[in-house]
$ cat data14.cif   # mmCIF, C-alpha atoms
data_model
#
loop_
_atom_site.group_PDB
_atom_site.id
_atom_site.type_symbol
_atom_site.label_atom_id
_atom_site.label_comp_id
_atom_site.auth_asym_id
_atom_site.auth_seq_id
_atom_site.Cartn_x
_atom_site.Cartn_y
_atom_site.Cartn_z
ATOM 1 C CA MET A 1 69.840 87.650 124.911
ATOM 2 C CA SER A 2 70.025 87.420 121.155
ATOM 3 C CA LEU A 3 67.480 85.284 119.356
ATOM 4 C CA ARG A 4 69.590 85.221 116.228
ATOM 5 C CA ALA A 5 71.350 82.002 115.314
ATOM 6 C CA PRO A 6 75.147 82.287 115.042
ATOM 7 C CA LEU A 7 74.893 81.134 111.419
ATOM 8 C CA ALA A 8 72.497 84.003 110.607
ATOM 9 C CA ARG A 9 74.975 86.446 112.150
ATOM 10 C CA ALA A 10 77.782 85.014 110.097
ATOM 11 C CA LEU A 11 75.661 85.348 106.943
ATOM 12 C CA TYR A 12 74.813 89.001 107.768
ATOM 13 C CA HIS A 13 71.110 88.252 108.198
ATOM 14 C CA GLY A 14 69.207 90.492 110.548
ATOM 15 C CA SER A 15 69.802 94.031 111.731
ATOM 16 C CA ALA A 16 73.120 95.783 111.198
ATOM 17 C CA HIS A 17 72.181 98.091 114.145
ATOM 18 C CA ASP A 18 72.944 101.298 112.312
ATOM 19 C CA GLY A 19 69.484 101.806 110.804
ATOM 20 C CA VAL A 20 68.550 104.609 113.192
ATOM 21 C CA SER A 21 71.634 106.697 112.447
ATOM 22 C CA HIS A 22 71.095 106.170 108.682
ATOM 23 C CA TRP A 23 67.498 107.348 109.077
ATOM 24 C CA LEU A 24 68.489 110.267 111.302
ATOM 25 C CA ILE A 25 71.366 111.499 109.102
ATOM 26 C CA GLN A 26 69.005 111.415 106.115
ATOM 27 C CA ARG A 27 66.629 113.744 108.023
ATOM 28 C CA VAL A 28 69.351 116.046 109.360
ATOM 29 C CA THR A 29 70.912 116.464 105.901
ATOM 30 C CA ALA A 30 67.399 116.946 104.449
ATOM 31 C CA SER A 31 66.733 119.825 106.873
ATOM 32 C CA ALA A 32 70.018 121.507 105.950
ATOM 33 C CA LEU A 33 69.357 121.002 102.233
ATOM 34 C CA ALA A 34 65.859 122.488 102.532
ATOM 35 C CA VAL A 35 67.530 125.796 103.425
ATOM 36 C CA LEU A 36 70.628 125.486 101.211
ATOM 37 C CA SER A 37 68.748 124.432 98.066
ATOM 38 C CA ILE A 38 66.374 127.398 98.297
ATOM 39 C CA TRP A 39 69.395 129.690 98.707
ATOM 40 C CA LEU A 40 71.104 128.081 95.694
ATOM 41 C CA LEU A 41 68.003 128.215 93.497
ATOM 42 C CA VAL A 42 67.324 131.884 94.272
ATOM 43 C CA ALA A 43 71.010 132.791 93.844
ATOM 44 C CA LEU A 44 71.374 130.989 90.501
ATOM 45 C CA LEU A 45 68.108 132.416 89.147
ATOM 46 C CA SER A 46 69.142 135.954 90.066
ATOM 47 C CA LEU A 47 72.598 135.761 88.471
ATOM 48 C CA PRO A 48 72.794 138.465 85.813
ATOM 49 C CA GLY A 49 74.537 136.112 83.367
ATOM 50 C CA SER A 50 76.061 132.676 82.970
ATOM 51 C CA ASP A 51 79.437 133.737 81.506
ATOM 52 C CA TYR A 52 82.732 132.768 83.182
ATOM 53 C CA ALA A 53 83.416 136.149 84.823
ATOM 54 C CA THR A 54 79.925 136.489 86.335
ATOM 55 C CA VAL A 55 79.779 132.906 87.587
ATOM 56 C CA THR A 56 83.253 132.759 89.156
ATOM 57 C CA ALA A 57 82.751 136.188 90.746
ATOM 58 C CA TRP A 58 79.512 134.939 92.317
ATOM 59 C CA ILE A 59 81.101 131.677 93.528
ATOM 60 C CA ALA A 60 83.938 133.620 95.198
ATOM 61 C CA ALA A 61 81.828 136.455 96.630
ATOM 62 C CA GLY A 62 81.454 136.829 100.414
ATOM 63 C CA TRP A 63 80.366 133.666 102.189
ATOM 64 C CA ASN A 64 79.162 132.007 98.975
ATOM 65 C CA PRO A 65 82.102 129.524 98.897
ATOM 66 C CA VAL A 66 81.120 128.303 102.368
ATOM 67 C CA TRP A 67 77.445 127.810 101.474
ATOM 68 C CA LEU A 68 78.356 126.249 98.109
ATOM 69 C CA ALA A 69 80.856 123.819 99.630
ATOM 70 C CA LEU A 70 78.322 122.889 102.315
ATOM 71 C CA THR A 71 75.629 122.395 99.672
ATOM 72 C CA VAL A 72 77.821 120.059 97.601
ATOM 73 C CA LEU A 73 79.004 118.174 100.692
ATOM 74 C CA ILE A 74 75.591 117.716 102.327
ATOM 75 C CA ALA A 75 73.840 117.002 99.001
ATOM 76 C CA SER A 76 76.428 114.285 98.271
ATOM 77 C CA TRP A 77 75.900 112.803 101.714
ATOM 78 C CA HIS A 78 72.080 112.865 101.409
ATOM 79 C CA SER A 79 72.240 111.441 97.884
ATOM 80 C CA TRP A 80 74.631 108.712 99.012
ATOM 81 C CA LEU A 81 72.164 107.576 101.682
ATOM 82 C CA GLY A 82 69.189 107.806 99.328
ATOM 83 C CA ILE A 83 70.770 105.935 96.416
ATOM 84 C CA GLU A 84 71.970 103.288 98.894
ATOM 85 C CA VAL A 85 68.362 102.601 99.935
ATOM 86 C CA VAL A 86 67.180 102.518 96.299
ATOM 87 C CA ILE A 87 69.903 99.993 95.358
ATOM 88 C CA GLU A 88 69.108 97.827 98.392
ATOM 89 C CA ASP A 89 65.415 97.870 97.478
ATOM 90 C CA TYR A 90 65.789 96.790 93.856
ATOM 91 C CA VAL A 91 69.093 94.887 93.532
ATOM 92 C CA HIS A 92 68.935 91.677 95.537
ATOM 93 C CA ARG A 93 71.728 89.455 94.255
ATOM 94 C CA PHE A 94 74.884 89.755 96.303
ATOM 95 C CA LEU A 95 77.469 90.575 93.658
ATOM 96 C CA PRO A 96 75.509 93.143 91.592
ATOM 97 C CA LYS A 97 74.271 94.755 94.830
ATOM 98 C CA THR A 98 77.767 94.971 96.302
ATOM 99 C CA ILE A 99 79.203 96.392 93.089
ATOM 100 C CA ALA A 100 76.392 98.951 92.804
ATOM 101 C CA LEU A 101 76.751 100.036 96.441
ATOM 102 C CA LEU A 102 80.523 100.354 96.144
ATOM 103 C CA ALA A 103 80.254 102.272 92.867
ATOM 104 C CA SER A 104 77.670 104.624 94.390
ATOM 105 C CA SER A 105 79.880 105.192 97.443
ATOM 106 C CA PHE A 106 82.944 106.002 95.366
ATOM 107 C CA VAL A 107 81.039 108.276 92.955
ATOM 108 C CA HIS A 108 79.457 110.201 95.836
ATOM 109 C CA LEU A 109 82.775 110.627 97.650
ATOM 110 C CA LEU A 110 84.341 111.789 94.385
ATOM 111 C CA LEU A 111 81.486 114.275 93.833
ATOM 112 C CA ALA A 112 81.878 115.693 97.343
ATOM 113 C CA ALA A 113 85.659 116.009 97.105
ATOM 114 C CA SER A 114 85.797 117.456 93.579
ATOM 115 C CA GLY A 115 82.877 119.835 94.194
ATOM 116 C CA VAL A 116 84.456 121.276 97.346
ATOM 117 C CA TYR A 117 87.870 121.427 95.646
ATOM 118 C CA ALA A 118 86.409 123.295 92.657
ATOM 119 C CA VAL A 119 84.693 125.855 94.894
ATOM 120 C CA LEU A 120 87.854 126.398 96.976
ATOM 121 C CA ARG A 121 89.981 126.730 93.859
ATOM 122 C CA ILE A 122 87.733 129.434 92.400
ATOM 123 C CA ALA A 123 87.414 131.244 95.742
ATOM 124 C CA LEU A 124 91.148 131.193 96.552
ATOM 125 C CA ARG A 125 92.173 132.177 93.021
ATOM 126 C CA SER A 126 90.030 135.306 93.130
ATOM 127 C CA ALA A 127 91.232 136.098 96.656
ATOM 128 C CA ALA A 128 94.894 135.920 95.644
ATOM 129 C CA MET B 129 66.465 85.306 100.891
ATOM 130 C CA ALA B 130 63.490 84.600 98.602
ATOM 131 C CA GLU B 131 62.036 82.009 100.999
ATOM 132 C CA ARG B 132 61.567 84.620 103.684
ATOM 133 C CA PRO B 133 57.996 85.767 104.350
ATOM 134 C CA LEU B 134 57.212 88.909 102.359
ATOM 135 C CA SER B 135 54.747 91.657 103.187
ATOM 136 C CA PRO B 136 51.800 91.888 100.757
ATOM 137 C CA HIS B 137 52.993 92.919 97.348
ATOM 138 C CA ILE B 138 51.990 96.471 96.378
ATOM 139 C CA THR B 139 49.777 95.219 93.532
ATOM 140 C CA VAL B 140 47.171 93.994 96.052
ATOM 141 C CA TYR B 141 46.478 97.575 97.161
ATOM 142 C CA ARG B 142 43.879 99.787 95.508
ATOM 143 C CA TRP B 143 45.664 102.715 93.896
ATOM 144 C CA ALA B 144 45.581 106.028 95.763
ATOM 145 C CA TYR B 145 47.248 109.179 94.437
ATOM 146 C CA THR B 146 49.388 109.429 97.558
ATOM 147 C CA MET B 147 51.215 106.336 96.207
ATOM 148 C CA THR B 148 52.124 108.266 93.062
ATOM 149 C CA LEU B 149 53.623 111.050 95.193
ATOM 150 C CA SER B 150 55.576 108.452 97.132
ATOM 151 C CA ILE B 151 57.216 106.889 94.076
ATOM 152 C CA LEU B 152 57.746 110.346 92.540
ATOM 153 C CA HIS B 153 59.740 111.263 95.651
ATOM 154 C CA ARG B 154 62.089 108.409 94.890
ATOM 155 C CA VAL B 155 62.211 109.134 91.137
ATOM 156 C CA SER B 156 62.939 112.826 91.749
ATOM 157 C CA GLY B 157 65.592 111.852 94.305
ATOM 158 C CA VAL B 158 67.423 109.713 91.757
ATOM 159 C CA ALA B 159 67.061 112.519 89.191
ATOM 160 C CA LEU B 160 68.604 114.925 91.714
ATOM 161 C CA ALA B 161 71.583 112.598 92.198
ATOM 162 C CA VAL B 162 72.197 112.957 88.444
ATOM 163 C CA THR B 163 71.624 116.717 88.780
ATOM 164 C CA LEU B 164 74.280 116.863 91.506
ATOM 165 C CA LEU B 165 76.701 115.166 89.115
ATOM 166 C CA GLY B 166 75.945 117.801 86.459
ATOM 167 C CA PHE B 167 76.218 120.635 88.986
ATOM 168 C CA VAL B 168 79.625 119.431 90.216
ATOM 169 C CA LEU B 169 80.833 119.084 86.603
ATOM 170 C CA TRP B 170 79.741 122.687 86.032
ATOM 171 C CA LEU B 171 81.653 123.838 89.161
ATOM 172 C CA VAL B 172 84.735 121.856 88.125
ATOM 173 C CA SER B 173 84.654 123.315 84.613
ATOM 174 C CA ALA B 174 84.526 126.813 86.135
ATOM 175 C CA SER B 175 87.460 125.959 88.417
ATOM 176 C CA LEU B 176 89.560 124.792 85.445
ATOM 177 C CA GLY B 177 89.517 128.244 83.877
ATOM 178 C CA ALA B 178 87.779 130.367 81.256
ATOM 179 C CA GLU B 179 88.524 128.065 78.324
ATOM 180 C CA ALA B 180 87.211 124.892 79.959
ATOM 181 C CA TYR B 181 84.118 126.787 81.101
ATOM 182 C CA ALA B 182 83.567 128.234 77.622
ATOM 183 C CA ALA B 183 83.662 124.687 76.228
ATOM 184 C CA VAL B 184 80.962 123.484 78.645
ATOM 185 C CA LEU B 185 78.660 126.524 78.641
ATOM 186 C CA PRO B 186 77.140 126.056 75.136
ATOM 187 C CA ARG B 187 76.013 122.550 76.180
ATOM 188 C CA VAL B 188 74.345 123.916 79.298
ATOM 189 C CA MET B 189 72.682 126.744 77.352
ATOM 190 C CA SER B 190 71.555 124.527 74.443
ATOM 191 C CA VAL B 191 67.856 123.621 74.162
ATOM 192 C CA PRO B 192 68.347 120.056 75.538
ATOM 193 C CA GLY B 193 70.559 121.482 78.277
ATOM 194 C CA LYS B 194 67.929 124.005 79.310
ATOM 195 C CA LEU B 195 65.168 121.383 79.188
ATOM 196 C CA LEU B 196 67.233 119.123 81.461
ATOM 197 C CA ALA B 197 67.844 122.083 83.774
ATOM 198 C CA ALA B 198 64.086 122.801 83.846
ATOM 199 C CA LEU B 199 63.396 119.146 84.708
ATOM 200 C CA ALA B 200 66.094 119.242 87.395
ATOM 201 C CA VAL B 201 64.599 122.391 88.957
ATOM 202 C CA THR B 202 61.139 120.809 88.919
ATOM 203 C CA ALA B 203 62.522 117.642 90.543
ATOM 204 C CA LEU B 204 64.288 119.757 93.174
ATOM 205 C CA ILE B 205 61.162 121.727 94.074
ATOM 206 C CA TYR B 206 59.019 118.580 94.221
ATOM 207 C CA HIS B 207 61.566 116.663 96.315
ATOM 208 C CA LEU B 208 61.904 119.695 98.610
ATOM 209 C CA CYS B 209 58.134 120.162 99.128
ATOM 210 C CA ASN B 210 57.405 116.459 99.540
ATOM 211 C CA GLY B 211 60.506 116.121 101.723
ATOM 212 C CA LEU B 212 59.104 118.753 104.105
ATOM 213 C CA ARG B 213 55.903 116.676 104.138
ATOM 214 C CA HIS B 214 57.961 113.631 105.115
ATOM 215 C CA LEU B 215 59.738 115.613 107.865
ATOM 216 C CA ALA B 216 56.334 116.667 109.237
ATOM 217 C CA TRP B 217 55.238 113.019 109.266
ATOM 218 C CA ASP B 218 58.441 112.073 111.092
ATOM 219 C CA MET B 219 57.418 114.474 113.855
ATOM 220 C CA GLY B 220 53.983 112.874 113.954
ATOM 221 C CA TRP B 221 52.111 115.645 112.148
ATOM 222 C CA GLY B 222 49.590 115.119 109.368
ATOM 223 C CA PHE B 223 49.742 111.344 109.297
ATOM 224 C CA GLU B 224 45.947 110.857 109.249
ATOM 225 C CA ARG B 225 44.739 109.700 105.850
ATOM 226 C CA ALA B 226 42.678 112.841 105.190
ATOM 227 C CA ASP B 227 45.609 115.069 106.212
ATOM 228 C CA ALA B 228 48.071 113.110 104.056
ATOM 229 C CA ARG B 229 45.771 113.451 101.044
ATOM 230 C CA ARG B 230 45.298 117.176 101.634
ATOM 231 C CA SER B 231 49.048 117.775 102.001
ATOM 232 C CA ALA B 232 49.595 115.763 98.794
ATOM 233 C CA VAL B 233 47.403 118.235 96.892
ATOM 234 C CA VAL B 234 49.266 121.166 98.480
ATOM 235 C CA VAL B 235 52.645 119.668 97.501
ATOM 236 C CA VAL B 236 51.582 119.179 93.865
ATOM 237 C CA ALA B 237 50.076 122.684 93.665
ATOM 238 C CA VAL B 238 53.101 124.405 95.234
ATOM 239 C CA THR B 239 55.473 122.411 93.018
ATOM 240 C CA LEU B 240 53.609 123.317 89.838
ATOM 241 C CA ILE B 241 53.467 127.023 90.735
ATOM 242 C CA CYS B 242 57.105 127.319 91.887
ATOM 243 C CA ALA B 243 58.432 125.224 89.004
ATOM 244 C CA ALA B 244 56.481 127.337 86.511
ATOM 245 C CA VAL B 245 57.949 130.537 87.998
ATOM 246 C CA CYS B 246 61.506 129.114 87.973
ATOM 247 C CA VAL B 247 61.238 127.761 84.432
ATOM 248 C CA TYR B 248 59.864 131.127 83.283
ATOM 249 C CA LEU B 249 62.814 132.913 84.933
ATOM 250 C CA MET B 250 65.229 130.482 83.237
ATOM 251 C CA PHE B 251 63.706 130.830 79.770
ATOM 252 C CA ARG B 252 62.572 134.466 79.792
ATOM 253 C CA PRO B 253 64.124 136.638 77.090
ATOM 254 C CA GLY B 254 67.588 137.744 78.142
ATOM 255 C CA ALA B 255 67.845 135.144 80.900
ATOM 256 C CA GLY B 256 71.489 134.418 81.607
ATOM 257 C CA ALA B 257 71.411 131.879 84.386
ATOM 258 C CA ALA B 258 70.253 128.369 83.702
#
$ encode --input "data14.cif" --output "structure tokens"
Amino acid sequence: MSLRAPLARALYHGSAHDGVSHWLIQRVTASALAVLSIWLLVALLSLPGSDYATVTAWIAAGWNPVWLALTVLIASWHSWLGIEVVIEDYVHRFLPKTIALLASSFVHLLLAASGVYAVLRIALRSAA
Amino acid sequence: MAERPLSPHITVYRWAYTMTLSILHRVSGVALAVTLLGFVLWLVSASLGAEAYAAVLPRVMSVPGKLLAALAVTALIYHLCNGLRHLAWDMGWGFERADARRSAVVVVAVTLICAAVCVYLMFRPGAGAA
């Protein structure tokens, strides 16, 4: 039995029933990023230089493209969820909130896609 | 929406330093979203070829660029340490007030030490990676 009035449902008041998966995905991506971000930090700090040849050689070396693509993908996902919560906490009016949430979604999807594409492009170019 | 009952506003609580860590987690998270944007731009510039990368690199290696990178690394280490603290809480560990205050001190100490080491490695003479 639902105690929610039909009008409240129509107005999107009450639970959307996907809060647990939002919470859980934030934790799962956080656990993955705890490992990946340490790897990235150590790898970047131990690069011998920041010139084009050194950087692209590192990006393409061994399994680095896989870890880099995963880092960009999972970081985008985690950031998407986090920024969503921040917007929902501070922007209350419908239109600005909707615009901000949509903009954040599109920017995060664009970051994930272009980051993975950039890594693949560098890796495949050096493999060819 | 505004007519709904609201939980007590945060200003009625006496300040405790754990609150500062809590809001810093959010601030560093937003900063890391911006960092991700910069990191992806850096990757994309490298994927576009040597000329595009050469055009971006001086900005990254400039003094403001390095300062931003140092801030980003500090935000990352803080968000990582405090995030592990949150994950421990989610499993029911360390949620007592005394434990939470002790872990707060550990998080700040570890962040300061690790960030200092990283920033030194970034700025040390002859450092290439930033």
$ interface_residues --input "data14.cif" --of "chain A" --to "chain B" --cutoff "8 Å" --atoms "only C-alpha atoms" --output "VMD selection string"
chain A and resid 27 30 34 44 to 52 55 to 56 72 75 to 76 79 82 to 83 86 111 114 to 115 118 to 119 121 to 122
$ atom_distance --input "data14.cif" --atom1 "CA of Ile59 (chain A)" --atom2 "CA of Ala123 (chain A)"
6.7 Å
$ atom_distance --input "data14.cif" --atom1 "CA of Arg225 (chain B)" --atom2 "CA of Leu240 (chain B)"
22.8 Å
$ closest_residue --input "data14.cif" --among "A:Ser21, A:Thr71, A:Thr54, A:Ser15" --to "Val116 (chain A)" --atoms "only C-alpha atoms"
A:Thr71
$ atom_distance --input "data14.cif" --atom1 "CA of Ala237 (chain B)" --atom2 "CA of His78 (chain A)"
25.3 Å
$ closest_residue --input "data14.cif" --among "A:Ala53, A:Ala61, A:Val20, A:Ala69" --to "Leu36 (chain A)" --atoms "all atoms listed in the file"
A:Ala69
$ closest_residue --input "data14.cif" --among "B:Ser156, B:Thr163, B:Thr202, B:Thr146" --to "Arg230 (chain B)" --atoms "all atoms listed in the file"
B:Thr146
$ residues_around --input "data14.cif" --residues "Phe106 (chain A)" --least-positions-apart "6" --cutoff "12 Å" --atoms "only C-alpha atoms" --output "number ranges by chain"
A: 76-77, 80, 84, 99-100, 112-114
$ residues_around --input "data14.cif" --residues "Ala232 (chain B)" --least-positions-apart "6" --cutoff "9 Å" --atoms "only C-alpha atoms" --output "VMD selection string"
chain B and resid 145 to 146 149 210 213
$ axis_aligned_box --input "data14.cif" --around "region 179-183 of chain B" --padding-each-side "5 Å" --output "JSON"
{"center_x": 86.0, "center_y": 126.5, "center_z": 78.7, "size_x": 15.0, "size_y": 13.5, "size_z": 14.9}
$ decode --input "data14.cif" --residues "region 13-122 of chain A" --atoms "C-alpha atoms" --output "PDB file, in the first residue's frame"
ATOM      1  CA  HIS A  13       7.258  14.359  -4.736  1.00  0.00           C
ATOM      2  CA  GLY A  14       8.628  11.547  -2.643  1.00  0.00           C
ATOM      3  CA  SER A  15      11.174   8.848  -3.358  1.00  0.00           C
ATOM      4  CA  ALA A  16      12.337   8.085  -6.883  1.00  0.00           C
ATOM      5  CA  HIS A  17      13.339   4.581  -5.612  1.00  0.00           C
ATOM      6  CA  ASP A  18      16.814   4.677  -7.075  1.00  0.00           C
ATOM      7  CA  GLY A  19      18.538   6.266  -4.074  1.00  0.00           C
ATOM      8  CA  VAL A  20      20.212   3.038  -2.976  1.00  0.00           C
ATOM      9  CA  SER A  21      21.806   2.346  -6.353  1.00  0.00           C
ATOM     10  CA  HIS A  22      23.005   5.988  -6.546  1.00  0.00           C
ATOM     11  CA  TRP A  23      24.559   5.613  -3.092  1.00  0.00           C
ATOM     12  CA  LEU A  24      26.046   2.212  -3.912  1.00  0.00           C
ATOM     13  CA  ILE A  25      27.522   3.216  -7.296  1.00  0.00           C
ATOM     14  CA  GLN A  26      29.131   6.225  -5.604  1.00  0.00           C
ATOM     15  CA  ARG A  27      30.851   3.831  -3.150  1.00  0.00           C
ATOM     16  CA  VAL A  28      31.836   1.251  -5.771  1.00  0.00           C
ATOM     17  CA  THR A  29      33.358   3.912  -8.045  1.00  0.00           C
ATOM     18  CA  ALA A  30      35.045   5.470  -4.978  1.00  0.00           C
ATOM     19  CA  SER A  31      36.722   2.139  -4.141  1.00  0.00           C
ATOM     20  CA  ALA A  32      37.992   1.757  -7.707  1.00  0.00           C
ATOM     21  CA  LEU A  33      39.214   5.364  -7.774  1.00  0.00           C
ATOM     22  CA  ALA A  34      41.063   4.924  -4.469  1.00  0.00           C
ATOM     23  CA  VAL A  35      43.323   2.435  -6.266  1.00  0.00           C
ATOM     24  CA  LEU A  36      43.392   4.106  -9.702  1.00  0.00           C
ATOM     25  CA  SER A  37      44.114   7.617  -8.406  1.00  0.00           C
ATOM     26  CA  ILE A  38      47.100   6.426  -6.368  1.00  0.00           C
ATOM     27  CA  TRP A  39      48.405   4.629  -9.468  1.00  0.00           C
ATOM     28  CA  LEU A  40      47.911   7.775 -11.577  1.00  0.00           C
ATOM     29  CA  LEU A  41      49.522  10.090  -9.027  1.00  0.00           C
ATOM     30  CA  VAL A  42      52.591   7.871  -8.601  1.00  0.00           C
ATOM     31  CA  ALA A  43      52.890   7.338 -12.372  1.00  0.00           C
ATOM     32  CA  LEU A  44      52.610  11.047 -13.220  1.00  0.00           C
ATOM     33  CA  LEU A  45      55.053  12.065 -10.475  1.00  0.00           C
ATOM     34  CA  SER A  46      57.625   9.540 -11.672  1.00  0.00           C
ATOM     35  CA  LEU A  47      57.474  10.560 -15.340  1.00  0.00           C
ATOM     36  CA  PRO A  48      60.951  11.689 -16.368  1.00  0.00           C
ATOM     37  CA  GLY A  49      59.551  14.656 -18.314  1.00  0.00           C
ATOM     38  CA  SER A  50      56.375  16.321 -19.508  1.00  0.00           C
ATOM     39  CA  ASP A  51      57.300  16.681 -23.207  1.00  0.00           C
ATOM     40  CA  TYR A  52      55.126  15.171 -25.964  1.00  0.00           C
ATOM     41  CA  ALA A  53      57.324  12.124 -26.656  1.00  0.00           C
ATOM     42  CA  THR A  54      57.648  11.116 -22.985  1.00  0.00           C
ATOM     43  CA  VAL A  55      53.964  11.616 -22.201  1.00  0.00           C
ATOM     44  CA  THR A  56      52.533   9.812 -25.241  1.00  0.00           C
ATOM     45  CA  ALA A  57      55.016   6.953 -24.795  1.00  0.00           C
ATOM     46  CA  TRP A  58      53.853   6.563 -21.187  1.00  0.00           C
ATOM     47  CA  ILE A  59      50.151   6.717 -22.133  1.00  0.00           C
ATOM     48  CA  ALA A  60      50.656   3.985 -24.758  1.00  0.00           C
ATOM     49  CA  ALA A  61      52.976   1.751 -22.716  1.00  0.00           C
ATOM     50  CA  GLY A  62      51.802  -1.715 -21.614  1.00  0.00           C
ATOM     51  CA  TRP A  63      48.450  -1.734 -19.851  1.00  0.00           C
ATOM     52  CA  ASN A  64      48.537   2.015 -19.162  1.00  0.00           C
ATOM     53  CA  PRO A  65      45.812   2.778 -21.772  1.00  0.00           C
ATOM     54  CA  VAL A  66      43.464   0.382 -19.972  1.00  0.00           C
ATOM     55  CA  TRP A  67      44.082   1.900 -16.529  1.00  0.00           C
ATOM     56  CA  LEU A  68      43.924   5.446 -17.939  1.00  0.00           C
ATOM     57  CA  ALA A  69      40.662   4.831 -19.797  1.00  0.00           C
ATOM     58  CA  LEU A  70      39.189   3.215 -16.680  1.00  0.00           C
ATOM     59  CA  THR A  71      40.352   6.148 -14.551  1.00  0.00           C
ATOM     60  CA  VAL A  72      38.726   8.714 -16.858  1.00  0.00           C
ATOM     61  CA  LEU A  73      35.542   6.648 -17.171  1.00  0.00           C
ATOM     62  CA  ILE A  74      35.089   5.876 -13.466  1.00  0.00           C
ATOM     63  CA  ALA A  75      36.165   9.379 -12.370  1.00  0.00           C
ATOM     64  CA  SER A  76      33.569  10.873 -14.745  1.00  0.00           C
ATOM     65  CA  TRP A  77      30.915   8.555 -13.364  1.00  0.00           C
ATOM     66  CA  HIS A  78      31.808   9.325  -9.718  1.00  0.00           C
ATOM     67  CA  SER A  79      31.979  13.055 -10.445  1.00  0.00           C
ATOM     68  CA  TRP A  80      28.636  12.936 -12.246  1.00  0.00           C
ATOM     69  CA  LEU A  81      26.972  11.416  -9.176  1.00  0.00           C
ATOM     70  CA  GLY A  82      28.711  13.811  -6.790  1.00  0.00           C
ATOM     71  CA  ILE A  83      27.965  17.000  -8.727  1.00  0.00           C
ATOM     72  CA  GLU A  84      24.353  15.813  -9.100  1.00  0.00           C
ATOM     73  CA  VAL A  85      23.981  15.695  -5.303  1.00  0.00           C
ATOM     74  CA  VAL A  86      25.641  19.115  -4.891  1.00  0.00           C
ATOM     75  CA  ILE A  87      23.278  20.691  -7.462  1.00  0.00           C
ATOM     76  CA  GLU A  88      20.236  19.075  -5.833  1.00  0.00           C
ATOM     77  CA  ASP A  89      21.342  20.376  -2.433  1.00  0.00           C
ATOM     78  CA  TYR A  90      21.820  24.011  -3.426  1.00  0.00           C
ATOM     79  CA  VAL A  91      19.646  24.684  -6.502  1.00  0.00           C
ATOM     80  CA  HIS A  92      15.984  24.354  -5.591  1.00  0.00           C
ATOM     81  CA  ARG A  93      14.020  26.087  -8.333  1.00  0.00           C
ATOM     82  CA  PHE A  94      12.847  23.705 -11.014  1.00  0.00           C
ATOM     83  CA  LEU A  95      14.196  25.326 -14.160  1.00  0.00           C
ATOM     84  CA  PRO A  96      17.707  26.289 -12.954  1.00  0.00           C
ATOM     85  CA  LYS A  97      18.024  22.878 -11.257  1.00  0.00           C
ATOM     86  CA  THR A  98      16.952  20.995 -14.379  1.00  0.00           C
ATOM     87  CA  ILE A  99      19.287  23.012 -16.588  1.00  0.00           C
ATOM     88  CA  ALA A 100      22.206  22.519 -14.187  1.00  0.00           C
ATOM     89  CA  LEU A 101      21.590  18.766 -13.906  1.00  0.00           C
ATOM     90  CA  LEU A 102      21.295  18.367 -17.670  1.00  0.00           C
ATOM     91  CA  ALA A 103      24.417  20.456 -18.288  1.00  0.00           C
ATOM     92  CA  SER A 104      26.356  18.422 -15.714  1.00  0.00           C
ATOM     93  CA  SER A 105      25.179  15.161 -17.297  1.00  0.00           C
ATOM     94  CA  PHE A 106      26.194  16.217 -20.792  1.00  0.00           C
ATOM     95  CA  VAL A 107      29.577  17.608 -19.679  1.00  0.00           C
ATOM     96  CA  HIS A 108      30.384  14.421 -17.754  1.00  0.00           C
ATOM     97  CA  LEU A 109      29.390  12.167 -20.654  1.00  0.00           C
ATOM     98  CA  LEU A 110      31.492  14.327 -22.973  1.00  0.00           C
ATOM     99  CA  LEU A 111      34.466  14.109 -20.577  1.00  0.00           C
ATOM    100  CA  ALA A 112      34.194  10.317 -20.389  1.00  0.00           C
ATOM    101  CA  ALA A 113      33.870   9.865 -24.150  1.00  0.00           C
ATOM    102  CA  SER A 114      36.600  12.327 -25.164  1.00  0.00           C
ATOM    103  CA  GLY A 115      39.004  11.132 -22.453  1.00  0.00           C
ATOM    104  CA  VAL A 116      38.680   7.483 -23.496  1.00  0.00           C
ATOM    105  CA  TYR A 117      38.887   8.450 -27.182  1.00  0.00           C
ATOM    106  CA  ALA A 118      42.066  10.471 -26.575  1.00  0.00           C
ATOM    107  CA  VAL A 119      43.732   7.592 -24.722  1.00  0.00           C
ATOM    108  CA  LEU A 120      42.760   5.070 -27.426  1.00  0.00           C
ATOM    109  CA  ARG A 121      43.957   7.390 -30.172  1.00  0.00           C
ATOM    110  CA  ILE A 122      47.389   7.794 -28.575  1.00  0.00           C
TER     111      ILE A 122
END
